[in-house]
Amino acid sequence: HRDPVQGYDAWMRELRGLASVTRSRRTTEALEFLTELGPRGDQEGLAQLGVGDIDAYLQQRCKGSRRQTIEGYTVCLRSFLRYLHAIGRTLADLSSTVLGPRIYDDEQIPSALRPEEVQAVLELTRQDCSPVGRRDYAFLKLLATYGLRAGEIVALRLEDIDWKKEILRVRHSKTGAESELPLLREAGEAVLRYLEEARPESKHRELFLQVQAPYRAYKHGSILNCVISARLKMAGITPRGRK
């Protein structure tokens with residue numbers, strides 16, 4: 001299957017001007033399709049390709065997949081079938097027979113909490129004076145105040161807070177860039193209470209540490225998923241729609 005896949009890549013690059021990431025994804029799916037056809041993926045077999053073959057492949061390929069994933073598969077397959085017909089490998093243009101799920105504009109945008117719900121969660125967590133409560137309140141206050149990503153919060157280090165100049169330095173996980181943000185009073189006080197009352201003594205320089213020995217830093221931001229879920233449940237709040 002090497003020749004048709006390499007030819008497909010060249011076709012996308014030279015005639016369609018597609019980016020390397022897009023070409024890589026589509027050639028991977030093209031190879032998946034040809035491999036599934038087995039011996040019928042050669043030149044003679046492709047010439048006999050029909051709608052039934054397409055349906056059978058998609059039924060197998062998309063089993064158990066989400067609508068968004070299925071839509072991606074169908075886009076790639078349509079493109080490859082269009083190429084096969086353009087170079088004469090298939091007698092008919094079968095790309096129009098590939099039907100994917102309908103994806104509506106903005107349907108992947110997650111739901112948001114209402115301001116009063118955010119305030120209710122913060123107030124309930126603030127009343128928890130345990131080490132876990134102090135940590136969670138600092139987490140949530142940083143989230144609610146600055147809109148930081150979970151990974152950016154757990155990556156904060158002690159030296160990232162300049163208490164005299166009232167500056168919070170953040171390394172953005174998506175871009176690698178750094179920002180200097182004003183250290184707002186309520187967020188700063190939440191972090192300070194955590195440092196004074198809840199953070200275990202440690203040589204680690206990360207701001208937030210695990211609440212149980214050996215008090216290591218968090219490796220990734222998944223801890224915030226646990227914190228948010230638990231605090232929403234305590235407040236009796238169930239987000240609507242996609243989480």
# chains A, B, ... in the order shown; residues from 1 in each chain; ligands from 1
$ residues_around --residues "Leu184 (chain A)" --least-positions-apart "4" --cutoff "9 Å" --atoms "only C-alpha atoms" --output "VMD selection string"
chain A and resid 145 166 to 168 188 to 189
$ residues_around --residues "Thr125 (chain A)" --least-positions-apart "4" --cutoff "12 Å" --atoms "only C-alpha atoms" --output "JSON, numbers by chain"
{"A": [118, 119, 120, 121, 129, 130, 131, 132, 133, 134, 135, 136, 137, 138, 139, 140, 141, 190, 227, 228, 230, 231, 232, 233, 234, 235]}
$ write_last_selection --atoms "C-alpha atoms" --output "PDB file, in the first residue's frame"
ATOM      1  CA  VAL A 118     -19.162  29.823  41.340  1.00  0.00           C
ATOM      2  CA  GLN A 119     -19.660  32.023  44.410  1.00  0.00           C
ATOM      3  CA  ALA A 120     -21.535  29.278  46.251  1.00  0.00           C
ATOM      4  CA  VAL A 121     -18.727  26.767  45.662  1.00  0.00           C
ATOM      5  CA  CYS A 129     -10.358  25.212  57.513  1.00  0.00           C
ATOM      6  CA  SER A 130      -8.685  21.833  57.151  1.00  0.00           C
ATOM      7  CA  PRO A 131      -5.420  21.538  55.175  1.00  0.00           C
ATOM      8  CA  VAL A 132      -7.396  20.070  52.266  1.00  0.00           C
ATOM      9  CA  GLY A 133      -9.910  22.904  52.504  1.00  0.00           C
ATOM     10  CA  ARG A 134      -7.178  25.562  52.492  1.00  0.00           C
ATOM     11  CA  ARG A 135      -5.560  23.940  49.467  1.00  0.00           C
ATOM     12  CA  ASP A 136      -8.825  23.557  47.600  1.00  0.00           C
ATOM     13  CA  TYR A 137      -9.878  27.144  48.265  1.00  0.00           C
ATOM     14  CA  ALA A 138      -6.558  28.437  46.943  1.00  0.00           C
ATOM     15  CA  PHE A 139      -6.958  26.220  43.860  1.00  0.00           C
ATOM     16  CA  LEU A 140     -10.490  27.409  43.174  1.00  0.00           C
ATOM     17  CA  LYS A 141      -9.745  31.053  43.872  1.00  0.00           C
ATOM     18  CA  ALA A 190      -6.234  32.457  49.808  1.00  0.00           C
ATOM     19  CA  VAL A 227     -11.181  18.940  43.674  1.00  0.00           C
ATOM     20  CA  ILE A 228     -13.777  20.596  41.454  1.00  0.00           C
ATOM     21  CA  ALA A 230     -15.953  17.059  45.032  1.00  0.00           C
ATOM     22  CA  ARG A 231     -16.665  20.707  45.796  1.00  0.00           C
ATOM     23  CA  LEU A 232     -19.473  20.932  43.220  1.00  0.00           C
ATOM     24  CA  LYS A 233     -21.064  17.847  44.762  1.00  0.00           C
ATOM     25  CA  MET A 234     -20.810  19.321  48.253  1.00  0.00           C
ATOM     26  CA  ALA A 235     -22.504  22.495  47.008  1.00  0.00           C
TER      27      ALA A 235
END
$ residues_around --residues "Ala10 (chain A)" --least-positions-apart "3" --cutoff "12 Å" --atoms "only C-alpha atoms" --output "JSON, numbers by chain"
{"A": [3, 4, 5, 6, 7, 13, 14, 15, 16, 17, 18, 19, 20, 23, 24, 26, 27, 83]}
$ write_last_selection --atoms "N, CA and C atoms" --output "PDB file, in the first residue's frame"
ATOM      1  N   ASP A   3       2.793   2.813  -2.288  1.00  0.00           N
ATOM      2  CA  ASP A   3       2.726   3.724  -3.435  1.00  0.00           C
ATOM      3  C   ASP A   3       1.464   4.585  -3.434  1.00  0.00           C
ATOM      4  N   PRO A   4       0.273   3.999  -3.277  1.00  0.00           N
ATOM      5  CA  PRO A   4      -0.909   4.870  -3.263  1.00  0.00           C
ATOM      6  C   PRO A   4      -0.929   5.855  -2.100  1.00  0.00           C
ATOM      7  N   VAL A   5      -0.414   5.452  -0.954  1.00  0.00           N
ATOM      8  CA  VAL A   5      -0.414   6.355   0.205  1.00  0.00           C
ATOM      9  C   VAL A   5       0.579   7.500  -0.010  1.00  0.00           C
ATOM     10  N   GLN A   6       1.768   7.179  -0.538  1.00  0.00           N
ATOM     11  CA  GLN A   6       2.735   8.239  -0.827  1.00  0.00           C
ATOM     12  C   GLN A   6       2.222   9.169  -1.925  1.00  0.00           C
ATOM     13  N   GLY A   7       1.566   8.584  -2.944  1.00  0.00           N
ATOM     14  CA  GLY A   7       0.983   9.412  -3.992  1.00  0.00           C
ATOM     15  C   GLY A   7      -0.105  10.325  -3.453  1.00  0.00           C
ATOM     16  N   ARG A  13      -0.270  17.605  -0.807  1.00  0.00           N
ATOM     17  CA  ARG A  13       0.728  18.663  -0.634  1.00  0.00           C
ATOM     18  C   ARG A  13       0.796  19.587  -1.848  1.00  0.00           C
ATOM     19  N   GLU A  14       0.865  19.011  -3.039  1.00  0.00           N
ATOM     20  CA  GLU A  14       1.120  19.803  -4.243  1.00  0.00           C
ATOM     21  C   GLU A  14      -0.138  20.433  -4.836  1.00  0.00           C
ATOM     22  N   LEU A  15      -1.253  19.702  -4.797  1.00  0.00           N
ATOM     23  CA  LEU A  15      -2.470  20.225  -5.419  1.00  0.00           C
ATOM     24  C   LEU A  15      -3.423  20.870  -4.423  1.00  0.00           C
ATOM     25  N   ARG A  16      -3.396  20.412  -3.182  1.00  0.00           N
ATOM     26  CA  ARG A  16      -4.328  20.944  -2.188  1.00  0.00           C
ATOM     27  C   ARG A  16      -3.660  21.901  -1.220  1.00  0.00           C
ATOM     28  N   GLY A  17      -2.325  21.830  -1.105  1.00  0.00           N
ATOM     29  CA  GLY A  17      -1.604  22.724  -0.199  1.00  0.00           C
ATOM     30  C   GLY A  17      -1.905  22.486   1.265  1.00  0.00           C
ATOM     31  N   LEU A  18      -2.181  21.241   1.650  1.00  0.00           N
ATOM     32  CA  LEU A  18      -2.543  20.949   3.032  1.00  0.00           C
ATOM     33  C   LEU A  18      -1.310  20.868   3.925  1.00  0.00           C
ATOM     34  N   ALA A  19      -1.488  21.224   5.184  1.00  0.00           N
ATOM     35  CA  ALA A  19      -0.400  21.217   6.163  1.00  0.00           C
ATOM     36  C   ALA A  19       0.041  19.789   6.458  1.00  0.00           C
ATOM     37  N   SER A  20       1.268  19.647   6.942  1.00  0.00           N
ATOM     38  CA  SER A  20       1.834  18.320   7.201  1.00  0.00           C
ATOM     39  C   SER A  20       1.035  17.552   8.248  1.00  0.00           C
ATOM     40  N   ARG A  23      -2.018  16.197   6.524  1.00  0.00           N
ATOM     41  CA  ARG A  23      -1.635  15.115   5.609  1.00  0.00           C
ATOM     42  C   ARG A  23      -1.296  13.851   6.377  1.00  0.00           C
ATOM     43  N   SER A  24      -0.603  13.997   7.492  1.00  0.00           N
ATOM     44  CA  SER A  24      -0.225  12.832   8.296  1.00  0.00           C
ATOM     45  C   SER A  24      -1.463  12.115   8.816  1.00  0.00           C
ATOM     46  N   ARG A  26      -4.481  12.158   7.532  1.00  0.00           N
ATOM     47  CA  ARG A  26      -5.250  11.565   6.427  1.00  0.00           C
ATOM     48  C   ARG A  26      -4.534  10.368   5.805  1.00  0.00           C
ATOM     49  N   THR A  27      -3.220  10.416   5.711  1.00  0.00           N
ATOM     50  CA  THR A  27      -2.512   9.246   5.179  1.00  0.00           C
ATOM     51  C   THR A  27      -2.596   8.069   6.149  1.00  0.00           C
ATOM     52  N   TYR A  83      -9.331  11.121  -4.133  1.00  0.00           N
ATOM     53  CA  TYR A  83      -8.013  10.967  -4.754  1.00  0.00           C
ATOM     54  C   TYR A  83      -7.960   9.703  -5.607  1.00  0.00           C
TER      55      TYR A  83
END
$ closest_residue --among "A:Lys165, A:Arg171, A:Leu224, A:Tyr73" --to "Leu143 (chain A)" --atoms "only C-alpha atoms"
A:Leu224
$ select_by_dssp --residues "region 1-135 of chain A" --states "alpha helix (DSSP H)" --output "VMD selection string"
chain A and resid 2 to 11 20 to 37 43 to 47 51 to 61 67 to 86 115 to 126 131 to 135
$ residues_around --residues "region 31-36 of chain A" --least-positions-apart "2" --cutoff "9 Å" --atoms "only C-alpha atoms" --output "list in words"
His1, Arg2, Val5, Arg26, Thr27, Thr28, Glu29, Gly38, Pro39, Arg40, Gly41, Asp42, Tyr57, Arg61 and Leu77 of chain A
$ atom_distance --atom1 "CA of Val211 (chain A)" --atom2 "CA of Ser229 (chain A)"
17.8 Å
$ select_by_dssp --residues "region 19-203 of chain A" --states "strand (DSSP E)" --output "list in words"
Ile161, Asp162, Ile167, Leu168, Arg169, Val170, Arg171, Glu178, Ser179, Glu180, Leu181 and Pro182 of chain A
$ residues_around --residues "region 146-158 of chain A" --least-positions-apart "3" --cutoff "12 Å" --atoms "only C-alpha atoms" --output "ChimeraX atom specification"
/A:135-136,138-143,161-163,168-184,186-188,191-192,195,199,202-210,216-228
$ closest_residue --among "A:Leu81, A:Gln59, A:Ala30, A:Thr69" --to "Asp93 (chain A)" --atoms "only C-alpha atoms"
A:Leu81
$ residues_around --residues "Arg67 (chain A)" --least-positions-apart "3" --cutoff "9 Å" --atoms "only C-alpha atoms" --output "PyMOL selection string"
chain A and resi 62+70-72+100-103
$ write_last_selection --atoms "C-alpha atoms" --output "short mmCIF file (atom, residue, chain, number, x, y, z; two decimals), in the first residue's frame"
data_model
loop_
_atom_site.label_atom_id
_atom_site.label_comp_id
_atom_site.auth_asym_id
_atom_site.auth_seq_id
_atom_site.Cartn_x
_atom_site.Cartn_y
_atom_site.Cartn_z
CA CYS A 62 -16.52 3.73 13.90
CA ILE A 70 -16.62 9.50 13.48
CA GLU A 71 -16.89 12.80 11.63
CA GLY A 72 -13.08 12.91 11.46
CA GLY A 100 -20.89 11.29 8.54
CA PRO A 101 -22.80 12.56 11.56
CA ARG A 102 -24.00 16.14 11.53
CA ILE A 103 -21.84 18.35 13.77
#
$ residues_around --residues "Val51 (chain A)" --least-positions-apart "5" --cutoff "9 Å" --atoms "only C-alpha atoms" --output "PyMOL selection string"
chain A and resi 56+94+97-98
$ write_last_selection --atoms "C-alpha atoms" --output "short mmCIF file (atom, residue, chain, number, x, y, z; two decimals), in the first residue's frame"
data_model
loop_
_atom_site.label_atom_id
_atom_site.label_comp_id
_atom_site.auth_asym_id
_atom_site.auth_seq_id
_atom_site.Cartn_x
_atom_site.Cartn_y
_atom_site.Cartn_z
CA ALA A 56 -18.79 -2.30 6.01
CA LEU A 94 -17.39 7.01 -4.05
CA THR A 97 -21.44 7.94 -0.56
CA VAL A 98 -19.57 8.52 2.72
#
$ atom_distance --atom1 "CA of Tyr8 (chain A)" --atom2 "CA of Gln68 (chain A)"
24.0 Å
